[in-house]
Amino acid sequence: MAKLMSSLFLVLLLVLSMTAFSAQAAPVEQVGSEKIIHLTYYATVIPYGPNATVVPVAGIAGKLWALNTFGTIFVGDVPLTVGPSTYSPKVGQVRGLSVVLSKDNDGSVRHLSTSVTFTNKEYNGSTLQIQGIFNSRQGSVLSIVGGTGKFEGARGSAFLQQYSNSIIRHTYKFKLLK
């Protein structure tokens, strides 16, 4: 059950969306007119209780809307932090939708459509839009389909993997046309 909770995040992903940025400046490569940026941050999913960051909003009639129930749709608003501890500095929020796609009652496969909004000084107000299929058992590569602010025109990948029972590590690698 705990494994299901963490996979829900990226829900955000939440899943899908949703990452592990290092506390130092992000590595940036310049390739012609493109900048390639690597960022890593963490997102902690809390699916129950008064501080829940992911909640079910729809599902199959007559079935329990749970983290492992096929067809359940979740909405998430999950903090993005520098490290895996809930006490790590916050750098943004992962907000979006997650749909449980696996019928094997473990909730490990979900579709994520998320927006990551950065609040740290360097990227404040910038966003990344991410979507794709997340498998909590093996990690997944999702598509970065756009961005705003300092990430306008972003395209690339977001690698999401389970870090612990409730923490999902996000690593983004993307290109900016400048």
# chains A, B, ... in the order shown; residues from 1 in each chain; ligands from 1

$ select_by_dssp --residues "segment 25-121 of chain A" --states "strand (DSSP E)" --output "number ranges by chain"
A: 28-31, 34-44, 54-58, 73-81, 90-100, 109-118

$ closest_atom_pairs --of "segment 34-113 of chain A" --to "segment 126-145 of chain A" --cutoff "6 Å" --atoms "only C-alpha atoms" --output "Markdown table"
| residue | atom | partner | partner_atom | distance |
| --- | --- | --- | --- | --- |
| A:Ser108 | CA | A:Ser136 | CA | 5.1 |
| A:Val109 | CA | A:Asn135 | CA | 4.5 |
| A:Arg110 | CA | A:Phe134 | CA | 5.3 |
| A:His111 | CA | A:Ile133 | CA | 4.5 |
| A:Leu112 | CA | A:Gln131 | CA | 5.3 |
| A:Ser113 | CA | A:Gln131 | CA | 4.4 |

$ closest_residue --among "A:Val94, A:Leu67, A:Ile36, A:Leu160" --to "Pro79 of chain A" --atoms "only C-alpha atoms"
A:Val94

$ residues_around --residues "Asn51 of chain A" --least-positions-apart "4" --cutoff "12 Å" --atoms "only C-alpha atoms" --output "MDAnalysis selection string"
chainID A and resid 44:47 55 76:79

$ write_last_selection --atoms "N, CA and C atoms" --output "CSV table (one decimal), in the first residue's frame"
chain,number,residue,atom,x,y,z
A,44,THR,N,7.3,14.6,-2.4
A,44,THR,CA,6.7,13.7,-1.5
A,44,THR,C,5.2,13.7,-1.6
A,45,VAL,N,4.7,12.5,-1.8
A,45,VAL,CA,3.2,12.3,-2.0
A,45,VAL,C,2.6,11.9,-0.6
A,46,ILE,N,1.6,12.6,-0.2
A,46,ILE,CA,0.9,12.3,1.0
A,46,ILE,C,-0.6,12.0,0.6
A,47,PRO,N,-1.0,10.8,0.5
A,47,PRO,CA,-2.3,10.5,-0.1
A,47,PRO,C,-3.4,10.5,0.9
A,55,VAL,N,-5.4,13.7,-4.0
A,55,VAL,CA,-6.7,13.2,-3.6
A,55,VAL,C,-7.5,12.6,-4.8
A,76,GLY,N,-3.3,16.3,-7.8
A,76,GLY,CA,-2.2,16.5,-6.9
A,76,GLY,C,-1.7,17.9,-6.8
A,77,ASP,N,-1.2,18.3,-5.7
A,77,ASP,CA,-0.5,19.6,-5.4
A,77,ASP,C,0.6,19.3,-4.5
A,78,VAL,N,1.7,18.9,-5.0
A,78,VAL,CA,2.8,18.3,-4.3
A,78,VAL,C,4.1,19.2,-4.2
A,79,PRO,N,4.6,19.4,-3.1
A,79,PRO,CA,5.8,20.3,-3.0
A,79,PRO,C,7.0,19.6,-3.6
